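> What follows is a structure written as structure tokens; I'll ask about it next.
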Amino acid sequence: MTPLATETAPIPLEGLAAGQAMHNLAARLFPICRSITGPGVRETLRILQEFIPIQVHEVSTGTQVFDWTVPREWVIRDAFIADSTGRRIVDFKRNNLHVFGYSTPVDREMNLAELDEHLLSLPDQPDAIPYVTSYYKERWGFCLTHRQRLELKEDTYRVFIDSELKDGSLTYGECVFPGESKKEVFLSTYICHPSMANNELSGPVVTTFVAKWIQTEPRRYTYRVVFIPETIGSLTYLSRHLEHLQKHVIAGFNISCVGDERAFSCVSSRYSNTLADKIARHVLGFMSPNYVTHSFLDRGSDERQYCSPRVDLPLVGLCRSKYGTYPEYHTSLDNLGLVTPNGLAGGYEMVRRCLEALEGNAYYRVNCIGEPCLGKRGLYPTLSTKHSADNVKVMMDFIAYADGTNALISIADTIGVSVWDLFPIVERLRDAGLISEVGQ
Amino acid sequence: MTPLATETAPIPLEGLAAGQAMHNLAARLFPICRSITGPGVRETLRILQEFIPIQVHEVSTGTQVFDWTVPREWVIRDAFIADSTGRRIVDFKRNNLHVFGYSTPVDREMNLAELDEHLLSLPDQPDAIPYVTSYYKERWGFCLTHRQRLELKEDTYRVFIDSELKDGSLTYGECVFPGESKKEVFLSTYICHPSMANNELSGPVVTTFVAKWIQTEPRRYTYRVVFIPETIGSLTYLSRHLEHLQKHVIAGFNISCVGDERAFSCVSSRYSNTLADKIARHVLGFMSPNYVTHSFLDRGSDERQYCSPRVDLPLVGLCRSKYGTYPEYHTSLDNLGLVTPNGLAGGYEMVRRCLEALEGNAYYRVNCIGEPCLGKRGLYPTLSTKHSADNVKVMMDFIAYADGTNALISIADTIGVSVWDLFPIVERLRDAGLISEVGQ
Amino acid sequence: MTPLATETAPIPLEGLAAGQAMHNLAARLFPICRSITGPGVRETLRILQEFIPIQVHEVSTGTQVFDWTVPREWVIRDAFIADSTGRRIVDFKRNNLHVFGYSTPVDREMNLAELDEHLLSLPDQPDAIPYVTSYYKERWGFCLTHRQRLELKEDTYRVFIDSELKDGSLTYGECVFPGESKKEVFLSTYICHPSMANNELSGPVVTTFVAKWIQTEPRRYTYRVVFIPETIGSLTYLSRHLEHLQKHVIAGFNISCVGDERAFSCVSSRYSNTLADKIARHVLGFMSPNYVTHSFLDRGSDERQYCSPRVDLPLVGLCRSKYGTYPEYHTSLDNLGLVTPNGLAGGYEMVRRCLEALEGNAYYRVNCIGEPCLGKRGLYPTLSTKHSADNVKVMMDFIAYADGTNALISIADTIGVSVWDLFPIVERLRDAGLISEVGQ
């Protein structure tokens with residue numbers, strides 16, 4: 001398909017206002033130390049509940065979810081490295097990336113050589129604190145900038161981590177907004193990363209605002225929106241709802257990294273052939289001529305689970321700059337300067353457009369044989385301008401393919417216009433009795 | 001498919017002779033003022049009846065044809081604009097394009113400002129009289145060259161149109177040439193434009209000569225040839241014959257703009273996948289390496305009706321320079337200088353080749369297992385030359401794909417030769433008992 | 001598919017040792033004067049029987065094989081042209097290409113003009129003796145270098161051919177190596193050319209060594225290997241085994257011209273869509289980034305019979321420099337300098353790799369839902385290096401497409417790795433109980 005857009009589509013004003021509100025929300029959520037379990041996830045969901053009616057679920061440590069087991073819950077209260085003068089030179093309270101996720105507790109003194117075995121930094125990005133976790137192997141460690149690491153001198157250091165790994169539960173949130181049909185559109189985003197903005201806060205923040213919008217709109221489909229920890233959370237959710245999802249979901253979107261101002265992109269499903277793929281490519285083509293379609297081979301978020309062989313939901317990933325493709329990824333540089341109100345507004349627009357395209361994606365059949373006589377119905381423009389002639393051409397092209405076998409989005413792709421060009425035409429033709437919606 | 005031709009195929013001598021005869025016929029038809037109804041259509045058909053046995057049909061004003069209604073009949077006898085000295089400065093008798101088609105009668109005096117509201121000219125083509133119609137809204141108007149329009153001075157002008165809009169009928173012509181099979185090949189061309197040569201006289205003139213040739217040939221298929229006013233005529237014809245056509249037509253061609261010496265082109269069917277599409281692309285590839293395949297989105301003639309969703313005949317448009325693509329289109333410059341004997345001969349050749357390709361497009365199956373022994377049958381050339389080796393290669397390649405599942409044209413496309421290279425080979429192999437025709 | 005290889009894969013050491021042994025065998029077979037029948041074929045098969053258990057079959061002259069008849073047997077003992085001094089200036093004993101294959105006997109004196117009508121040479125390759133046969137028309141003739149021909153002076157020449165065309169039989173060899181399954185892999189090569197090395201000795205020599213290797217390996221499939229005269233031999237073999245082959249063969253390879261060091265290439269089947277095509281393209285992509293896929297339109301060896309319409313075995317031709325594409329083809333320059341140990345080793349490697357790829361080409365289905373937890377099974381590398389991360393990526397990509405619908409080779413093509421990268425992964429996943437083989 002030729003890209004529909006020749007320049008990136010401007011974001012509507014209401015979207016820009018939402019952009020600022022989303023950025024404010026991201027700023028509130030930013031300091032919370034989230035991980036795949038624990039109080040950070042719960043606090044995050046509590047704040048999102050101010051916006052939308054999220055139901056919170058807890059799944060006990062040790063629960064088997066397919067090939068995996070829900071891990072112990074991680075609680076962290078404090079952590080630092082102090083030098084021999086007692087000065088905290090690395091302090092969890094200043095930046096929660098300083099501690100490996102799932103670090104075990106420690107309180108010891110050691111020399112620089114021993115400390116160094118527990119440190120991680122990035123020589124290529126000397127001002128970035130990297131993000132590191134060790135969910136499935138017990139260990140402890142600290143991350144710091146490479147610049148700071150180089151300045152460490154021989155000394156007796158105290159390393160202190162006040163953390164706990166205990167039986168508890170995995171927490172996730174879920175909202176279901178019923179529509180006319182039991183067929184469902186599924187949105188998933190994750191809430192398991194500490195203080196990083198594009199990956200991850202852009203995801204839950206945009207998803208929350210999209211859910212707010214869904215609530216206010218008439219709905220053909222039922223919408224299911226989940227906020228989960230990545231991987232173990234999607235596996236947990238699938239283990240409880242697989243049959244239902246396989247039966248009802250017509251399209252799904254994993255929403256991740258949707259807050260910067262660079263690319264618009266999607267991660268294709270396994271065979272790139274689902275309705276979600278088609279919708280995403282159409283919307284991205286509308287949003288930006290330079291959109292990127294990543295292969296499933298470049299997957300990395302929960303599409304890994306949702307699209308796996310025996311799950312096989314019709315789902316794609318939606319991103320602006322995809323995880324792993326931008327330099328700030330998984331470091332302290334992925335912050336609220338990188339993610340902007342405009343960036344979030346673009347991410348919100350992309351998701352909302354996908355849902356609009358889905359809602360309008362019906363099958364139509366023209367009611368007359370041969371071309372209809374538009375003139376006698378006043379569907380020909382009275383004043384003939386270049387733009388009105390284009391409208392008539394689009395209308396006639398739509399009718400030419402409205403044979404009951406093509407979904408609206410297929411017609412739009414075939415005739416090279418966006419579904420938003422077709423929506424008002426469909427309405428006028430339906431009002432004039434010239435087309436009827438048919439089952440697939 | 002790689003184009004079969006590396007240079008435009010020369011037209012055979014008999015075609016060139018036909019070219020001159022067709023040009024003469026076009027010259028006879030040129031002065032007649034045709035419109036979608038009225039005496040011009042009838043006079044045109046009377047002349048064509050000198051060549052082929054056309055049956056003329058009349059359909060009354062007010063008859064409902066699908067979403068449309070057969071309009072009143074338009075008769076025009078005279079029309080002019082005279083200046084205050086009585087001099088006819090714009091005169092229908094000099095060029096029938098001067099009057100809007102379907103102009104209502106008028107006989108009034110007016111000043112230049114008022115007159116100007118009823119004038120149309122082309123600033124970009126100052127020497128061309130444009131072609132304008134107003135079939136479905138009552139009005140009157142004159143067309144003139146922009147050069148003449150600029151010379152008009154303040155004066156009292158008399159405008160006079162002696163026309164009539166009256167209940168009558170729509171007229172069309174039809175010939176059916178029965179063949180061995182009830183399966184039909186359908187040809188349609190239109191006779192509703194006044195004095196223009198490529199669009200439209202090339203169409204009925206070439207179609208008439210093709211029909212003359214059909215009459216003289218043995219025919220596998222039945223041929224149905226119609227001469228109709230565009231749009232309302234094809235709708236009318238379809239409304240009377242839809243079920244029959246859908247049941248019997250295996251391929252159809254809308255013949256329009258086939259008289260200039262520039263492009264060879266076709267207008268694809270809705271999904272570009274009918275037998276007619278395949279035949280047209282093969283023949284055009286044979287005619288010219290630079291042939292053009294237009295998308296159905298570029299349609300504009302009666303393929304709009306024949307290929308519409310609930311009609312869906314397997315039909316393509318055949319053109320040399322397609323309507324709307326050449327600068328003289330819909331002006332007085334589309335004249336008998338633009339349309340030439342050579343141009344018409346090429347158009348005739350294109351249509352005739354399509355019919356030949358269809359007639360020979362059978363399914364064959366080789367009778368032996370493994371390659372046949374050509375030598376013992378004298379099918380190997382006795383004198384081995386480069387060309388004879390090529391012939392054996394083509395013969396062996398044909399046999400390799402003659403497995404009963406490929407139509408002749410598919411084999412030709414697969415092995416990269418024209419069906420005309422295969423026809424004599426098929427004959428020799430059939431005579432030798434090496435292949436048999438099979439049902440599809 | 002993107003070529004898998006970025007440089008031609010090195011041949012393993014054992015292959016290189018085999019290369020020298022194959023070259024030695026070719027040197028032993030080189031002087032024998034083979035034709036489509038006669039003692040040369042039998043002597044060749046006797047030598048190959050030293051390596052593998054070939055069963056030799058004789059089919060009587062006059063036997064009808066489809067559209068063909070087994071010809072008389074040709075025996076040649078001596079042939080020369082002597083000048084008037086009695087000096088043998090052209091001597092069959094020096095090079096058996098000097099005599100047309102199937103030359104009738106002659107013993108006459110003649111002048112240069114008469115002699116010249118029975119001579120063939122190549123002006124463009126003045127140092128090459130061409131290879132000429134006349135199987136189906138009785139005649140005699142001599143081939144010589146063009147340089148020598150130009151030196152011939154007016155003289156009285158004696159031409160002498162001690163040959164015989166007699167009722168006898170056509171000879172071919174066959175080995176069948178049973179495997180676990182009755183499904184068969186079919187290998188065919190030809191033994192009907194006199195002293196030429198790439199076309200043909202590379203074929204039987206490589207095939208013999210591949211058959212030797214097949215014998216020593218565990219086998220999923222049954223292997224059928226035939227050594228036949230080209231065309232009449234494959235037709236004869238098909239006439240005796242057609243139904244069996246059509247029922248059991250899952251993939252076949254015609255092995256021809258596999259001994260030089262230039263290209264790796266294959267000749268596609270009729271529709272390029274068999275398992276053999278897929279395997280060959282995958283293996284060639286692994287062997288060399290510059291491999292060549294020839295269309296079936298460029299066929300010339302026994303794929304002509306095996307892939308003909310009513311035979312239609314799933315077979316491709318495997319070649320290094322294909323017959324007809326290299327300058328030494330069908331001349332005395334196609335000798336044991338052109339065919340090298342390295343060249344033969346590459347040909348052997350190509351065929352062996354195809355068989356390995358076939359043997360491993362099963363369908364797998366992942367046993368768990370969602371991604372498996374590799375960590376708890378020790379399938380994650382303990383030391384993380386760039387290469388180990390690549391391995392995990394390949395493993396996860398394999399699992400993502402192991403949904404039971406894709407053969408191993410399709411997954412390899414989809415995820416852009418070779419089947420040899422997947423074999424150890426399949427083994428580890430099967431051992432871990434994470435995947436199961438399923439029927440197609």
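In the structure tokens, chains take letters A, B, ... by order of appearance, with residues numbered from 1 within each chain and ligands from 1 in the order shown.
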Using only C-alpha atoms, which protein or nucleic acid residues come within 6 Å of Gly173 of chain C? Drop anything in the same chain fewer than 4 positions from it, and give the result as a VMD selection string.

chain C and resid 54 to 56 226 to 227

> Just to be explicit: take each residue in the selection above, keep N, CA and C atoms, and write the result as a CSV table (one decimal), in the first residue's frame.


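Final file, part_15.csv:
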```
chain,number,residue,atom,x,y,z
C,54,ILE,N,25.3,-51.6,-6.8
C,54,ILE,CA,24.4,-51.3,-7.9
C,54,ILE,C,23.8,-52.5,-8.5
C,55,GLN,N,22.5,-52.6,-8.7
C,55,GLN,CA,21.9,-53.7,-9.4
C,55,GLN,C,21.8,-53.2,-10.9
C,56,VAL,N,22.3,-54.1,-11.8
C,56,VAL,CA,22.3,-53.7,-13.2
C,56,VAL,C,21.2,-54.3,-14.0
C,226,VAL,N,19.5,-43.9,-9.3
C,226,VAL,CA,19.7,-44.6,-10.6
C,226,VAL,C,20.8,-43.9,-11.4
C,227,PHE,N,21.5,-44.8,-12.2
C,227,PHE,CA,22.5,-44.4,-13.1
C,227,PHE,C,22.0,-44.9,-14.5
```

> For segment 386-401 of chain B, work out the shell of residues within 7 Å, counting only C-alpha atoms and skipping chain neighbours fewer than 4 positions away, then give it as a PyMOL selection string.

(chain B and resi 366+380-381+411+415+425) or (chain C and resi 297+308-309)

> Wanna dump the chain C-chain B contacts at 8 Å for me, each residue with its shortest atom pair and the distance in Å to one decimal, counting only C-alpha atoms, ordered by chain and number, as CSV?


```
residue,atom,partner,partner_atom,distance
C:Phe66,CA,B:Ile369,CA,6.0
C:Asp67,CA,B:Pro372,CA,5.6
C:Trp68,CA,B:Cys373,CA,6.0
C:Tyr136,CA,B:Gly375,CA,7.8
C:Leu235,CA,B:Gly370,CA,6.6
C:Arg270,CA,B:Ala400,CA,7.7
C:Leu297,CA,B:Asp397,CA,6.8
C:Arg304,CA,B:Glu371,CA,7.1
C:Gln305,CA,B:Gly370,CA,4.9
C:Tyr306,CA,B:Gly370,CA,7.4
C:Ser308,CA,B:Gly370,CA,5.4
C:Pro309,CA,B:Asp403,CA,5.1
C:Arg310,CA,B:Ile369,CA,5.4
C:Val311,CA,B:Ile369,CA,6.5
```

> List the neighbours of Pro123 of chain B out to 9 Å using only C-alpha atoms; skip same-chain residues closer than 6 positions along the sequence, and give me the result as an MDAnalysis selection string.

chainID B and resid 145:147

> Restricting it to N, CA and C atoms, dump the selection as a compact mmCIF listing (two decimals), in the first residue's frame.


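Saved to result_32.txt:
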```
# COMPACT_ATOMS: atom_id res chain seq x y z
N THR B 145 -14.25 29.16 -28.93
CA THR B 145 -12.82 29.20 -28.60
C THR B 145 -12.59 30.38 -27.66
N HIS B 146 -11.57 30.25 -26.84
CA HIS B 146 -11.29 31.33 -25.90
C HIS B 146 -10.82 32.58 -26.66
N ARG B 147 -10.13 32.35 -27.76
CA ARG B 147 -9.67 33.46 -28.60
C ARG B 147 -10.86 34.29 -29.07
```

> Can you check which residues of segment 14-254 of chain A DSSP gives as strand (DSSP E) on the backbone and send them as a PyMOL selection string?

chain A and resi 55-60+64-65+68-69+73-82+88-91+106-110+119-120+142-143+157-166+169-177+184-190+222-228+249-254

> Could you name the residues that touch segment 59-61 of chain B at 10 Å or less, counting only C-alpha atoms, but leaving out those on the same chain fewer than 5 positions away, as a list in words?

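In the requested format, the answer is Thr37, Thr69, Val70, Pro71, Arg72, Glu73, Lys166, Asp167, Gly168, Ser169, Leu170, Thr171, Tyr172, Gly233, Thr236 and Tyr237 of chain B.
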
> Please produce a file of those selected residues containing N, CA, C and O atoms, as a PDB file, in the first residue's frame.


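The file below, again_31.pdb, is the result:
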```pdb
ATOM      1  N   THR B  37     -29.834  10.784 -27.080  1.00  0.00           N
ATOM      2  CA  THR B  37     -31.074  10.388 -27.760  1.00  0.00           C
ATOM      3  C   THR B  37     -31.171  11.251 -29.008  1.00  0.00           C
ATOM      4  O   THR B  37     -30.378  12.173 -29.207  1.00  0.00           O
ATOM      5  N   THR B  69     -33.776   6.871 -15.285  1.00  0.00           N
ATOM      6  CA  THR B  69     -34.968   6.977 -16.109  1.00  0.00           C
ATOM      7  C   THR B  69     -34.553   7.424 -17.506  1.00  0.00           C
ATOM      8  O   THR B  69     -33.732   8.338 -17.634  1.00  0.00           O
ATOM      9  N   VAL B  70     -35.076   6.774 -18.520  1.00  0.00           N
ATOM     10  CA  VAL B  70     -34.752   7.193 -19.889  1.00  0.00           C
ATOM     11  C   VAL B  70     -35.254   8.628 -20.074  1.00  0.00           C
ATOM     12  O   VAL B  70     -36.428   8.915 -19.819  1.00  0.00           O
ATOM     13  N   PRO B  71     -34.361   9.555 -20.495  1.00  0.00           N
ATOM     14  CA  PRO B  71     -34.741  10.977 -20.536  1.00  0.00           C
ATOM     15  C   PRO B  71     -35.587  11.301 -21.772  1.00  0.00           C
ATOM     16  O   PRO B  71     -35.778  10.465 -22.654  1.00  0.00           O
ATOM     17  N   ARG B  72     -36.044  12.511 -21.825  1.00  0.00           N
ATOM     18  CA  ARG B  72     -36.716  12.988 -23.025  1.00  0.00           C
ATOM     19  C   ARG B  72     -35.722  13.029 -24.183  1.00  0.00           C
ATOM     20  O   ARG B  72     -34.512  13.080 -23.984  1.00  0.00           O
ATOM     21  N   GLU B  73     -36.294  13.034 -25.376  1.00  0.00           N
ATOM     22  CA  GLU B  73     -35.461  13.039 -26.570  1.00  0.00           C
ATOM     23  C   GLU B  73     -35.127  14.493 -26.926  1.00  0.00           C
ATOM     24  O   GLU B  73     -35.955  15.380 -26.779  1.00  0.00           O
ATOM     25  N   LYS B 166     -38.559  16.434 -25.865  1.00  0.00           N
ATOM     26  CA  LYS B 166     -39.905  15.874 -25.995  1.00  0.00           C
ATOM     27  C   LYS B 166     -39.893  14.391 -25.656  1.00  0.00           C
ATOM     28  O   LYS B 166     -38.860  13.724 -25.770  1.00  0.00           O
ATOM     29  N   ASP B 167     -41.030  13.892 -25.250  1.00  0.00           N
ATOM     30  CA  ASP B 167     -41.122  12.456 -25.036  1.00  0.00           C
ATOM     31  C   ASP B 167     -40.828  11.751 -26.349  1.00  0.00           C
ATOM     32  O   ASP B 167     -41.289  12.172 -27.408  1.00  0.00           O
ATOM     33  N   GLY B 168     -40.049  10.722 -26.283  1.00  0.00           N
ATOM     34  CA  GLY B 168     -39.678   9.997 -27.495  1.00  0.00           C
ATOM     35  C   GLY B 168     -39.042   8.701 -27.050  1.00  0.00           C
ATOM     36  O   GLY B 168     -39.620   7.978 -26.230  1.00  0.00           O
ATOM     37  N   SER B 169     -37.825   8.453 -27.486  1.00  0.00           N
ATOM     38  CA  SER B 169     -37.192   7.202 -27.060  1.00  0.00           C
ATOM     39  C   SER B 169     -35.680   7.305 -27.138  1.00  0.00           C
ATOM     40  O   SER B 169     -35.120   8.203 -27.770  1.00  0.00           O
ATOM     41  N   LEU B 170     -35.068   6.357 -26.474  1.00  0.00           N
ATOM     42  CA  LEU B 170     -33.622   6.160 -26.549  1.00  0.00           C
ATOM     43  C   LEU B 170     -33.398   5.064 -27.580  1.00  0.00           C
ATOM     44  O   LEU B 170     -34.110   4.053 -27.597  1.00  0.00           O
ATOM     45  N   THR B 171     -32.389   5.258 -28.437  1.00  0.00           N
ATOM     46  CA  THR B 171     -32.161   4.358 -29.561  1.00  0.00           C
ATOM     47  C   THR B 171     -30.829   3.634 -29.386  1.00  0.00           C
ATOM     48  O   THR B 171     -29.829   4.260 -28.997  1.00  0.00           O
ATOM     49  N   TYR B 172     -30.828   2.328 -29.624  1.00  0.00           N
ATOM     50  CA  TYR B 172     -29.523   1.644 -29.661  1.00  0.00           C
ATOM     51  C   TYR B 172     -29.552   0.549 -30.714  1.00  0.00           C
ATOM     52  O   TYR B 172     -30.622   0.133 -31.169  1.00  0.00           O
ATOM     53  N   GLY B 233     -27.377   4.300 -21.970  1.00  0.00           N
ATOM     54  CA  GLY B 233     -27.575   3.225 -22.942  1.00  0.00           C
ATOM     55  C   GLY B 233     -27.108   1.885 -22.401  1.00  0.00           C
ATOM     56  O   GLY B 233     -27.793   0.864 -22.566  1.00  0.00           O
ATOM     57  N   THR B 236     -29.563   0.804 -19.874  1.00  0.00           N
ATOM     58  CA  THR B 236     -30.778   0.325 -20.531  1.00  0.00           C
ATOM     59  C   THR B 236     -30.570  -1.090 -21.079  1.00  0.00           C
ATOM     60  O   THR B 236     -31.389  -1.988 -20.868  1.00  0.00           O
ATOM     61  N   TYR B 237     -29.433  -1.287 -21.749  1.00  0.00           N
ATOM     62  CA  TYR B 237     -29.170  -2.617 -22.319  1.00  0.00           C
ATOM     63  C   TYR B 237     -29.072  -3.669 -21.222  1.00  0.00           C
ATOM     64  O   TYR B 237     -29.634  -4.758 -21.326  1.00  0.00           O
TER      65      TYR B 237
END
```

> Would you mind listing what lies within 12 Å of Pro327 of chain A as a list of chain:residue names, with only C-alpha atoms counted and same-chain residues fewer than 5 positions away left out?

A:Leu122, A:Asp124, A:Gln125, A:Ala128, A:Pro130, A:Asn198, A:Asn199, A:Ser321, A:Lys322, A:Ser332, A:Leu333, A:Asp334, A:Leu338

> Please identify which residues in segment 185-369 of chain C DSSP calls helix (DSSP H, G or I) from the backbone, and express them as a PyMOL selection string.

chain C and resi 197-216+232-248+275-287+296-298+303-306+341-359

> Show which residues sit within 12 Å of Ser301 of chain C, as number ranges by chain. Count only C-alpha atoms, and ignore same-chain residues fewer than 5 positions away.

B: 371; C: 188-190, 192, 199-200, 203, 228-235, 253-257, 266-269, 296, 306-308, 315-319, 322-324

> Excluding segment 280-291 of chain A and residues on its chain fewer than 5 positions from it, collect all residues at most 6 Å away from it, counting only C-alpha atoms, and give them as number ranges by chain.

A: 3-9, 264-265
